[in-house]
file coords33.txt (compact mmCIF, C-alpha atoms)
# COMPACT_ATOMS: atom_id res chain seq x y z
CA MET A 1 -26.15 1.81 64.15
CA ASN A 2 -24.84 -0.93 66.42
CA HIS A 3 -26.18 -4.25 65.17
CA PRO A 4 -27.81 -6.25 66.65
CA THR A 5 -29.93 -3.76 68.58
CA PRO A 6 -33.70 -3.92 68.09
CA PHE A 7 -35.13 -0.68 66.74
CA ASP A 8 -38.26 0.92 65.33
CA PRO A 9 -37.37 1.54 61.66
CA ARG A 10 -39.81 4.48 61.51
CA THR A 11 -37.38 6.45 63.68
CA HIS A 12 -34.84 6.34 60.80
CA ALA A 13 -37.16 7.82 58.18
CA VAL A 14 -35.96 10.90 56.31
CA TYR A 15 -38.35 12.84 54.06
CA SER A 16 -37.58 15.48 51.46
CA PRO A 17 -39.98 18.01 49.93
CA ASP A 18 -38.12 17.63 46.61
CA LYS A 19 -38.42 13.90 45.90
CA MET A 20 -38.82 10.50 47.53
CA CYS A 21 -35.99 9.82 49.95
CA LYS A 22 -33.92 6.65 50.50
CA THR A 23 -32.21 5.87 53.80
CA ASN A 24 -29.83 2.97 54.41
CA ILE A 25 -30.14 1.12 57.74
CA PHE A 26 -27.83 -1.85 57.16
CA ARG A 27 -25.57 -2.79 54.29
CA SER A 28 -23.33 -5.75 53.58
CA ASP A 29 -22.32 -7.34 50.28
CA ARG A 30 -25.20 -9.77 50.80
CA MET A 31 -28.05 -7.34 51.44
CA LEU A 32 -29.19 -3.78 51.87
CA LEU A 33 -31.93 -2.83 54.36
CA GLY A 34 -33.31 0.64 53.88
CA LEU A 35 -36.32 2.92 53.91
CA ASN A 36 -38.16 4.57 51.03
CA ALA A 37 -40.01 7.67 52.28
CA PHE A 38 -42.66 9.45 50.21
CA GLU A 39 -44.43 12.73 50.86
CA PRO A 40 -47.96 12.85 49.40
CA GLY A 41 -47.75 12.76 45.59
CA GLN A 42 -44.15 11.53 45.42
CA GLU A 43 -43.22 8.36 43.56
CA HIS A 44 -40.44 5.99 42.61
CA ALA A 45 -41.00 5.29 38.91
CA LEU A 46 -41.30 1.80 37.47
CA HIS A 47 -37.86 0.17 37.23
CA ALA A 48 -36.21 -3.25 37.43
CA HIS A 49 -32.94 -4.70 38.72
CA ALA A 50 -30.79 -7.34 37.03
CA ASP A 51 -29.50 -10.10 39.33
CA MET A 52 -31.07 -8.55 42.45
CA ASP A 53 -34.27 -9.42 44.34
CA LYS A 54 -36.23 -6.82 46.33
CA ILE A 55 -38.78 -6.99 49.12
CA TYR A 56 -41.02 -4.06 50.07
CA HIS A 57 -42.98 -3.97 53.33
CA VAL A 58 -45.21 -0.95 53.95
CA LEU A 59 -44.78 0.54 57.43
CA GLU A 60 -46.98 3.64 57.30
CA GLY A 61 -49.43 5.27 54.89
CA GLU A 62 -51.04 4.04 51.72
CA GLY A 63 -50.55 4.26 47.97
CA LEU A 64 -49.91 2.15 44.89
CA PHE A 65 -47.39 -0.46 43.92
CA LEU A 66 -46.54 0.23 40.27
CA LEU A 67 -46.20 -2.98 38.26
CA GLU A 68 -45.85 -3.75 34.56
CA ASN A 69 -49.18 -2.67 33.02
CA ASP A 70 -50.80 -2.59 36.48
CA GLN A 71 -51.13 -0.54 39.66
CA VAL A 72 -52.19 -2.23 42.90
CA SER A 73 -53.28 -0.45 46.08
CA MET A 74 -51.27 -1.04 49.23
CA ARG A 75 -51.18 0.20 52.81
CA ALA A 76 -49.34 -0.37 56.07
CA GLY A 77 -48.85 -4.12 56.44
CA THR A 78 -48.68 -4.93 52.71
CA THR A 79 -45.64 -6.80 51.32
CA LEU A 80 -44.41 -7.06 47.71
CA VAL A 81 -41.67 -9.29 46.33
CA ALA A 82 -40.02 -8.05 43.12
CA PRO A 83 -37.72 -10.81 41.87
CA GLU A 84 -34.82 -9.83 39.60
CA GLY A 85 -35.93 -8.38 36.29
CA ILE A 86 -39.52 -7.71 37.43
CA PRO A 87 -40.56 -4.04 37.04
CA HIS A 88 -41.78 -2.33 40.22
CA GLY A 89 -42.33 1.14 41.65
CA ILE A 90 -44.25 3.07 44.30
CA ARG A 91 -46.57 6.09 44.30
CA ASN A 92 -47.94 7.84 47.36
CA THR A 93 -51.56 8.54 46.46
CA GLY A 94 -52.61 9.18 50.06
CA SER A 95 -52.86 12.42 52.00
CA ALA A 96 -50.24 11.32 54.57
CA ARG A 97 -46.62 10.24 54.37
CA LEU A 98 -45.86 6.77 52.99
CA LEU A 99 -42.98 4.78 54.49
CA VAL A 100 -41.76 1.48 53.03
CA LEU A 101 -39.09 -0.92 54.29
CA ALA A 102 -36.94 -2.18 51.40
CA VAL A 103 -34.58 -5.16 51.35
CA LEU A 104 -32.35 -5.81 48.34
CA ALA A 105 -30.18 -8.90 47.87
CA PRO A 106 -27.41 -8.72 47.03
CA ALA A 107 -26.73 -5.09 47.95
CA PRO A 108 -26.66 -2.65 45.02
CA MET B 1 -47.48 -17.44 45.10
CA ASN B 2 -47.37 -15.42 41.90
CA HIS B 3 -44.73 -12.70 42.34
CA PRO B 4 -45.10 -9.73 42.10
CA THR B 5 -48.52 -9.59 43.74
CA PRO B 6 -48.90 -7.47 46.89
CA PHE B 7 -50.07 -9.50 49.89
CA ASP B 8 -50.58 -9.35 53.64
CA PRO B 9 -47.88 -11.68 54.99
CA ARG B 10 -50.00 -12.46 58.05
CA THR B 11 -52.30 -14.49 55.81
CA HIS B 12 -49.41 -16.94 55.23
CA ALA B 13 -48.74 -17.65 58.90
CA VAL B 14 -48.78 -21.28 60.03
CA TYR B 15 -48.69 -22.12 63.74
CA SER B 16 -48.02 -25.45 65.42
CA PRO B 17 -48.82 -26.46 68.99
CA ASP B 18 -45.58 -28.50 69.05
CA LYS B 19 -42.94 -25.87 68.27
CA MET B 20 -42.32 -22.56 66.50
CA CYS B 21 -43.18 -22.83 62.84
CA LYS B 22 -41.32 -21.52 59.77
CA THR B 23 -43.06 -20.73 56.49
CA ASN B 24 -41.32 -19.78 53.24
CA ILE B 25 -42.93 -17.02 51.14
CA PHE B 26 -40.22 -16.41 48.52
CA ARG B 27 -36.91 -18.11 47.83
CA SER B 28 -34.14 -17.51 45.34
CA ASP B 29 -30.41 -18.16 45.61
CA ARG B 30 -30.06 -14.53 46.71
CA MET B 31 -32.61 -14.40 49.53
CA LEU B 32 -35.28 -16.17 51.53
CA LEU B 33 -38.40 -14.36 52.77
CA GLY B 34 -40.33 -16.27 55.38
CA LEU B 35 -42.36 -16.15 58.57
CA ASN B 36 -41.48 -17.36 62.05
CA ALA B 37 -44.67 -18.06 64.01
CA PHE B 38 -44.69 -18.61 67.79
CA GLU B 39 -47.50 -19.72 70.05
CA PRO B 40 -47.22 -18.28 73.60
CA GLY B 41 -44.15 -19.76 75.31
CA GLN B 42 -42.47 -21.03 72.12
CA GLU B 43 -38.98 -19.93 71.15
CA HIS B 44 -36.23 -20.17 68.56
CA ALA B 45 -33.07 -20.71 70.60
CA LEU B 46 -29.97 -18.55 70.26
CA HIS B 47 -28.06 -19.45 67.09
CA ALA B 48 -25.84 -17.85 64.44
CA HIS B 49 -25.29 -18.21 60.69
CA ALA B 50 -21.95 -18.16 58.87
CA ASP B 51 -21.85 -16.05 55.70
CA MET B 52 -25.56 -15.10 55.95
CA ASP B 53 -27.27 -11.92 57.18
CA LYS B 54 -30.77 -11.95 58.68
CA ILE B 55 -33.42 -9.31 59.21
CA TYR B 56 -36.37 -9.78 61.57
CA HIS B 57 -39.42 -7.51 61.50
CA VAL B 58 -42.17 -8.19 64.07
CA LEU B 59 -45.67 -8.24 62.53
CA GLU B 60 -47.85 -9.26 65.48
CA GLY B 61 -47.46 -9.90 69.20
CA GLU B 62 -44.62 -9.25 71.59
CA GLY B 63 -41.71 -11.08 73.16
CA LEU B 64 -37.94 -11.06 73.43
CA PHE B 65 -35.09 -10.99 70.97
CA LEU B 66 -32.43 -13.34 72.39
CA LEU B 67 -28.93 -11.95 71.95
CA GLU B 68 -25.51 -12.95 73.23
CA ASN B 69 -25.70 -12.37 77.00
CA ASP B 70 -28.81 -10.22 76.57
CA GLN B 71 -32.56 -10.33 76.01
CA VAL B 72 -34.35 -7.31 74.58
CA SER B 73 -38.11 -6.78 74.51
CA MET B 74 -39.80 -6.36 71.14
CA ARG B 75 -43.29 -5.98 69.73
CA ALA B 76 -45.11 -5.42 66.45
CA GLY B 77 -43.11 -2.84 64.49
CA THR B 78 -39.67 -3.74 65.92
CA THR B 79 -36.81 -4.67 63.55
CA LEU B 80 -33.57 -6.52 64.30
CA VAL B 81 -30.57 -7.00 62.01
CA ALA B 82 -28.40 -10.04 62.81
CA PRO B 83 -25.30 -9.84 60.60
CA GLU B 84 -23.44 -13.07 59.84
CA GLY B 85 -21.91 -14.69 62.90
CA ILE B 86 -24.03 -12.68 65.37
CA PRO B 87 -26.07 -14.90 67.75
CA HIS B 88 -29.83 -14.24 67.74
CA GLY B 89 -33.09 -15.92 68.74
CA ILE B 90 -36.71 -15.23 69.63
CA ARG B 91 -39.01 -16.09 72.55
CA ASN B 92 -42.72 -15.42 72.75
CA THR B 93 -43.24 -14.18 76.30
CA GLY B 94 -46.66 -12.70 75.56
CA SER B 95 -50.12 -14.19 75.99
CA ALA B 96 -50.91 -13.95 72.24
CA ARG B 97 -49.31 -15.34 69.10
CA LEU B 98 -46.04 -13.76 67.90
CA LEU B 99 -45.40 -13.44 64.16
CA VAL B 100 -42.07 -12.29 62.72
CA LEU B 101 -41.07 -11.63 59.11
CA ALA B 102 -37.59 -13.02 58.42
CA VAL B 103 -35.29 -12.25 55.48
CA LEU B 104 -32.05 -14.19 55.00
CA ALA B 105 -29.42 -13.37 52.41
CA PRO B 106 -28.21 -15.42 50.73
CA ALA B 107 -30.90 -18.09 51.07
CA PRO B 108 -30.00 -21.00 53.39
call {"tool": "encode", "arguments": {"input": "coords33.txt", "output": "structure tokens"}}
result
Amino acid sequence: MNHPTPFDPRTHAVYSPDKMCKTNIFRSDRMLLGLNAFEPGQEHALHAHADMDKIYHVLEGEGLFLLENDQVSMRAGTTLVAPEGIPHGIRNTGSARLLVLAVLAPAP
Amino acid sequence: MNHPTPFDPRTHAVYSPDKMCKTNIFRSDRMLLGLNAFEPGQEHALHAHADMDKIYHVLEGEGLFLLENDQVSMRAGTTLVAPEGIPHGIRNTGSARLLVLAVLAPAP
């Protein structure tokens, strides 16, 4: 993609029937902007990153943010910040696709 | 704010009648997540950052992304990546408030 050109990130979504699907939109050493796309029932298990902060912003659908000893409902418009070392994950518990914008800094 | 707790970023918006208003939601050395809030007619003039990448994602309203020798219409759901050194800005040309999520890496 030619940056800077405004775009609708939903047009870059890629889904897989096998497992949740990650798509990169922009990458530098400083940050990675991508999409996490979930068919109904798919999930990204609880995990954590050392020395890397992550932001999730839900674009479409609904589901759960998986946290340490907790699960919190989310839907389009919800944001989550997972600072370095903080466990986080996502599960699509809805009947439609779930699409989440993800920003990691620095890039993995 | 206690991270990680999912939230609706629109609830953190602060507007000013005097000029566009910036609000910080999360800051580390690695990244800054904030909001840029524009009353109708307000703008953030064209500017660029050395050694820092920025992502904009429009949450509410409509307006223009200001680019070098160009202006491109945007609205809720539009994303723009401004890599380091690339001029960018925002103008609210609509009749309603314009709210934009901004991520900078590393934090300014």
call {"tool": "interface_residues", "arguments": {"input": "coords33.txt", "of": "chain A", "to": "chain B", "cutoff": "6 Å", "atoms": "all atoms listed in the file", "output": "number ranges by chain"}}
result
A: 4, 6-8, 30, 78-82, 105
call {"tool": "closest_residue", "arguments": {"input": "coords33.txt", "among": "B:Thr11, B:Ser16, B:His49, B:Glu39", "to": "B:Pro108", "atoms": "all atoms listed in the file"}}
result
B:His49
call {"tool": "atom_distance", "arguments": {"input": "coords33.txt", "atom1": "atom CA of B:Arg91", "atom2": "atom CA of A:Leu35"}}
result
26.8 Å
call {"tool": "closest_residue", "arguments": {"input": "coords33.txt", "among": "A:Ala102, A:Ala48, A:Asn92, A:Asn69", "to": "A:Lys19", "atoms": "all atoms listed in the file"}}
result
A:Asn92
call {"tool": "closest_atom_pairs", "arguments": {"input": "coords33.txt", "of": "stretch 27-60 of chain B", "to": "stretch 95-99 of chain B", "cutoff": "6 Å", "atoms": "only C-alpha atoms", "output": "JSON lines"}}
result
{"residue": "B:Asn36", "atom": "CA", "partner": "B:Leu99", "partner_atom": "CA", "distance": 5.9}
{"residue": "B:Ala37", "atom": "CA", "partner": "B:Leu99", "partner_atom": "CA", "distance": 4.7}
{"residue": "B:Phe38", "atom": "CA", "partner": "B:Leu98", "partner_atom": "CA", "distance": 5.0}
{"residue": "B:Glu39", "atom": "CA", "partner": "B:Arg97", "partner_atom": "CA", "distance": 4.8}
{"residue": "B:Pro40", "atom": "CA", "partner": "B:Ser95", "partner_atom": "CA", "distance": 5.6}
{"residue": "B:Leu59", "atom": "CA", "partner": "B:Leu99", "partner_atom": "CA", "distance": 5.5}
{"residue": "B:Glu60", "atom": "CA", "partner": "B:Leu99", "partner_atom": "CA", "distance": 5.0}
call {"tool": "atom_distance", "arguments": {"input": "coords33.txt", "atom1": "atom CA of A:Gly85", "atom2": "atom CA of A:His12"}}
result
28.6 Å
call {"tool": "atom_distance", "arguments": {"input": "coords33.txt", "atom1": "atom CA of A:Ala50", "atom2": "atom CA of A:Tyr15"}}
result
27.5 Å
call {"tool": "closest_residue", "arguments": {"input": "coords33.txt", "among": "A:Leu66, A:Val14, A:Met20, A:Gly34", "to": "A:His47", "atoms": "all atoms listed in the file"}}
result
A:Leu66
call {"tool": "decode", "arguments": {"input": "coords33.txt", "residues": "stretch 81-96 of chain A", "atoms": "all heavy atoms", "output": "PDB file, in the first residue's frame"}}
result
ATOM      1  N   VAL A  81      -6.072  -1.775  25.619  1.00  0.00           N
ATOM      2  CA  VAL A  81      -4.625  -1.588  25.643  1.00  0.00           C
ATOM      3  C   VAL A  81      -4.032  -2.723  26.458  1.00  0.00           C
ATOM      4  O   VAL A  81      -4.441  -2.954  27.597  1.00  0.00           O
ATOM      5  CB  VAL A  81      -4.235  -0.233  26.274  1.00  0.00           C
ATOM      6  CG1 VAL A  81      -2.719  -0.095  26.310  1.00  0.00           C
ATOM      7  CG2 VAL A  81      -4.860   0.930  25.516  1.00  0.00           C
ATOM      8  N   ALA A  82      -3.079  -3.449  25.864  1.00  0.00           N
ATOM      9  CA  ALA A  82      -2.361  -4.513  26.572  1.00  0.00           C
ATOM     10  C   ALA A  82      -0.889  -4.101  26.667  1.00  0.00           C
ATOM     11  O   ALA A  82      -0.105  -4.357  25.753  1.00  0.00           O
ATOM     12  CB  ALA A  82      -2.499  -5.846  25.845  1.00  0.00           C
ATOM     13  N   PRO A  83      -0.513  -3.449  27.763  1.00  0.00           N
ATOM     14  CA  PRO A  83       0.899  -3.065  27.918  1.00  0.00           C
ATOM     15  C   PRO A  83       1.782  -4.306  27.994  1.00  0.00           C
ATOM     16  O   PRO A  83       1.290  -5.408  28.249  1.00  0.00           O
ATOM     17  CB  PRO A  83       0.912  -2.293  29.245  1.00  0.00           C
ATOM     18  CG  PRO A  83      -0.505  -1.861  29.471  1.00  0.00           C
ATOM     19  CD  PRO A  83      -1.339  -2.975  28.880  1.00  0.00           C
ATOM     20  N   GLU A  84       3.077  -4.120  27.790  1.00  0.00           N
ATOM     21  CA  GLU A  84       4.017  -5.235  27.744  1.00  0.00           C
ATOM     22  C   GLU A  84       3.875  -6.108  28.985  1.00  0.00           C
ATOM     23  O   GLU A  84       3.698  -5.617  30.101  1.00  0.00           O
ATOM     24  CB  GLU A  84       5.451  -4.704  27.610  1.00  0.00           C
ATOM     25  CG  GLU A  84       5.968  -3.947  28.808  1.00  0.00           C
ATOM     26  CD  GLU A  84       6.845  -4.813  29.699  1.00  0.00           C
ATOM     27  OE1 GLU A  84       7.193  -5.922  29.266  1.00  0.00           O
ATOM     28  OE2 GLU A  84       7.148  -4.407  30.823  1.00  0.00           O
ATOM     29  N   GLY A  85       3.872  -7.430  28.758  1.00  0.00           N
ATOM     30  CA  GLY A  85       3.798  -8.365  29.858  1.00  0.00           C
ATOM     31  C   GLY A  85       2.391  -8.700  30.327  1.00  0.00           C
ATOM     32  O   GLY A  85       2.230  -9.602  31.152  1.00  0.00           O
ATOM     33  N   ILE A  86       1.383  -7.981  29.836  1.00  0.00           N
ATOM     34  CA  ILE A  86      -0.002  -8.187  30.280  1.00  0.00           C
ATOM     35  C   ILE A  86      -0.676  -9.205  29.354  1.00  0.00           C
ATOM     36  O   ILE A  86      -0.805  -8.973  28.149  1.00  0.00           O
ATOM     37  CB  ILE A  86      -0.792  -6.867  30.253  1.00  0.00           C
ATOM     38  CG1 ILE A  86      -0.144  -5.838  31.162  1.00  0.00           C
ATOM     39  CG2 ILE A  86      -2.254  -7.123  30.631  1.00  0.00           C
ATOM     40  CD1 ILE A  86      -0.238  -6.185  32.635  1.00  0.00           C
ATOM     41  N   PRO A  87      -1.159 -10.339  29.904  1.00  0.00           N
ATOM     42  CA  PRO A  87      -1.792 -11.354  29.060  1.00  0.00           C
ATOM     43  C   PRO A  87      -3.080 -10.835  28.415  1.00  0.00           C
ATOM     44  O   PRO A  87      -3.844 -10.101  29.045  1.00  0.00           O
ATOM     45  CB  PRO A  87      -2.101 -12.489  30.046  1.00  0.00           C
ATOM     46  CG  PRO A  87      -1.176 -12.268  31.202  1.00  0.00           C
ATOM     47  CD  PRO A  87      -1.050 -10.783  31.307  1.00  0.00           C
ATOM     48  N   HIS A  88      -3.295 -11.257  27.153  1.00  0.00           N
ATOM     49  CA  HIS A  88      -4.473 -10.810  26.408  1.00  0.00           C
ATOM     50  C   HIS A  88      -4.760 -11.824  25.311  1.00  0.00           C
ATOM     51  O   HIS A  88      -3.870 -12.548  24.853  1.00  0.00           O
ATOM     52  CB  HIS A  88      -4.246  -9.425  25.812  1.00  0.00           C
ATOM     53  CG  HIS A  88      -3.033  -9.352  24.924  1.00  0.00           C
ATOM     54  ND1 HIS A  88      -1.751  -9.210  25.433  1.00  0.00           N
ATOM     55  CD2 HIS A  88      -2.882  -9.439  23.582  1.00  0.00           C
ATOM     56  CE1 HIS A  88      -0.887  -9.198  24.434  1.00  0.00           C
ATOM     57  NE2 HIS A  88      -1.545  -9.344  23.288  1.00  0.00           N
ATOM     58  N   GLY A  89      -6.001 -11.871  24.872  1.00  0.00           N
ATOM     59  CA  GLY A  89      -6.399 -12.741  23.780  1.00  0.00           C
ATOM     60  C   GLY A  89      -7.787 -12.339  23.321  1.00  0.00           C
ATOM     61  O   GLY A  89      -8.379 -11.390  23.860  1.00  0.00           O
ATOM     62  N   ILE A  90      -8.296 -13.042  22.311  1.00  0.00           N
ATOM     63  CA  ILE A  90      -9.582 -12.692  21.696  1.00  0.00           C
ATOM     64  C   ILE A  90     -10.317 -13.978  21.338  1.00  0.00           C
ATOM     65  O   ILE A  90      -9.709 -14.932  20.840  1.00  0.00           O
ATOM     66  CB  ILE A  90      -9.350 -11.849  20.421  1.00  0.00           C
ATOM     67  CG1 ILE A  90      -8.848 -10.448  20.783  1.00  0.00           C
ATOM     68  CG2 ILE A  90     -10.631 -11.771  19.582  1.00  0.00           C
ATOM     69  CD1 ILE A  90      -8.471  -9.596  19.577  1.00  0.00           C
ATOM     70  N   ARG A  91     -11.638 -13.984  21.575  1.00  0.00           N
ATOM     71  CA  ARG A  91     -12.481 -15.089  21.116  1.00  0.00           C
ATOM     72  C   ARG A  91     -13.737 -14.538  20.456  1.00  0.00           C
ATOM     73  O   ARG A  91     -14.403 -13.657  21.023  1.00  0.00           O
ATOM     74  CB  ARG A  91     -12.868 -15.989  22.291  1.00  0.00           C
ATOM     75  CG  ARG A  91     -13.716 -17.210  21.863  1.00  0.00           C
ATOM     76  CD  ARG A  91     -14.066 -18.079  23.055  1.00  0.00           C
ATOM     77  NE  ARG A  91     -12.843 -18.534  23.717  1.00  0.00           N
ATOM     78  CZ  ARG A  91     -12.699 -18.684  25.040  1.00  0.00           C
ATOM     79  NH1 ARG A  91     -13.713 -18.417  25.845  1.00  0.00           N
ATOM     80  NH2 ARG A  91     -11.553 -19.102  25.549  1.00  0.00           N
ATOM     81  N   ASN A  92     -14.026 -15.036  19.278  1.00  0.00           N
ATOM     82  CA  ASN A  92     -15.264 -14.651  18.590  1.00  0.00           C
ATOM     83  C   ASN A  92     -16.402 -15.535  19.093  1.00  0.00           C
ATOM     84  O   ASN A  92     -16.498 -16.696  18.713  1.00  0.00           O
ATOM     85  CB  ASN A  92     -15.114 -14.774  17.074  1.00  0.00           C
ATOM     86  CG  ASN A  92     -16.350 -14.272  16.339  1.00  0.00           C
ATOM     87  OD1 ASN A  92     -17.347 -13.898  16.958  1.00  0.00           O
ATOM     88  ND2 ASN A  92     -16.266 -14.242  15.011  1.00  0.00           N
ATOM     89  N   THR A  93     -17.240 -14.987  19.944  1.00  0.00           N
ATOM     90  CA  THR A  93     -18.380 -15.723  20.478  1.00  0.00           C
ATOM     91  C   THR A  93     -19.673 -15.361  19.761  1.00  0.00           C
ATOM     92  O   THR A  93     -20.742 -15.850  20.122  1.00  0.00           O
ATOM     93  CB  THR A  93     -18.552 -15.421  21.984  1.00  0.00           C
ATOM     94  OG1 THR A  93     -18.667 -14.008  22.150  1.00  0.00           O
ATOM     95  CG2 THR A  93     -17.374 -15.941  22.776  1.00  0.00           C
ATOM     96  N   GLY A  94     -19.571 -14.493  18.739  1.00  0.00           N
ATOM     97  CA  GLY A  94     -20.757 -14.078  18.008  1.00  0.00           C
ATOM     98  C   GLY A  94     -21.075 -15.031  16.863  1.00  0.00           C
ATOM     99  O   GLY A  94     -20.376 -16.023  16.624  1.00  0.00           O
ATOM    100  N   SER A  95     -22.126 -14.710  16.133  1.00  0.00           N
ATOM    101  CA  SER A  95     -22.546 -15.521  14.997  1.00  0.00           C
ATOM    102  C   SER A  95     -22.040 -14.929  13.679  1.00  0.00           C
ATOM    103  O   SER A  95     -22.245 -15.510  12.617  1.00  0.00           O
ATOM    104  CB  SER A  95     -24.073 -15.628  14.965  1.00  0.00           C
ATOM    105  OG  SER A  95     -24.651 -14.338  14.911  1.00  0.00           O
ATOM    106  N   ALA A  96     -21.356 -13.778  13.753  1.00  0.00           N
ATOM    107  CA  ALA A  96     -20.806 -13.125  12.558  1.00  0.00           C
ATOM    108  C   ALA A  96     -19.283 -13.039  12.690  1.00  0.00           C
ATOM    109  O   ALA A  96     -18.712 -13.372  13.733  1.00  0.00           O
ATOM    110  CB  ALA A  96     -21.397 -11.732  12.399  1.00  0.00           C
TER     111      ALA A  96
END
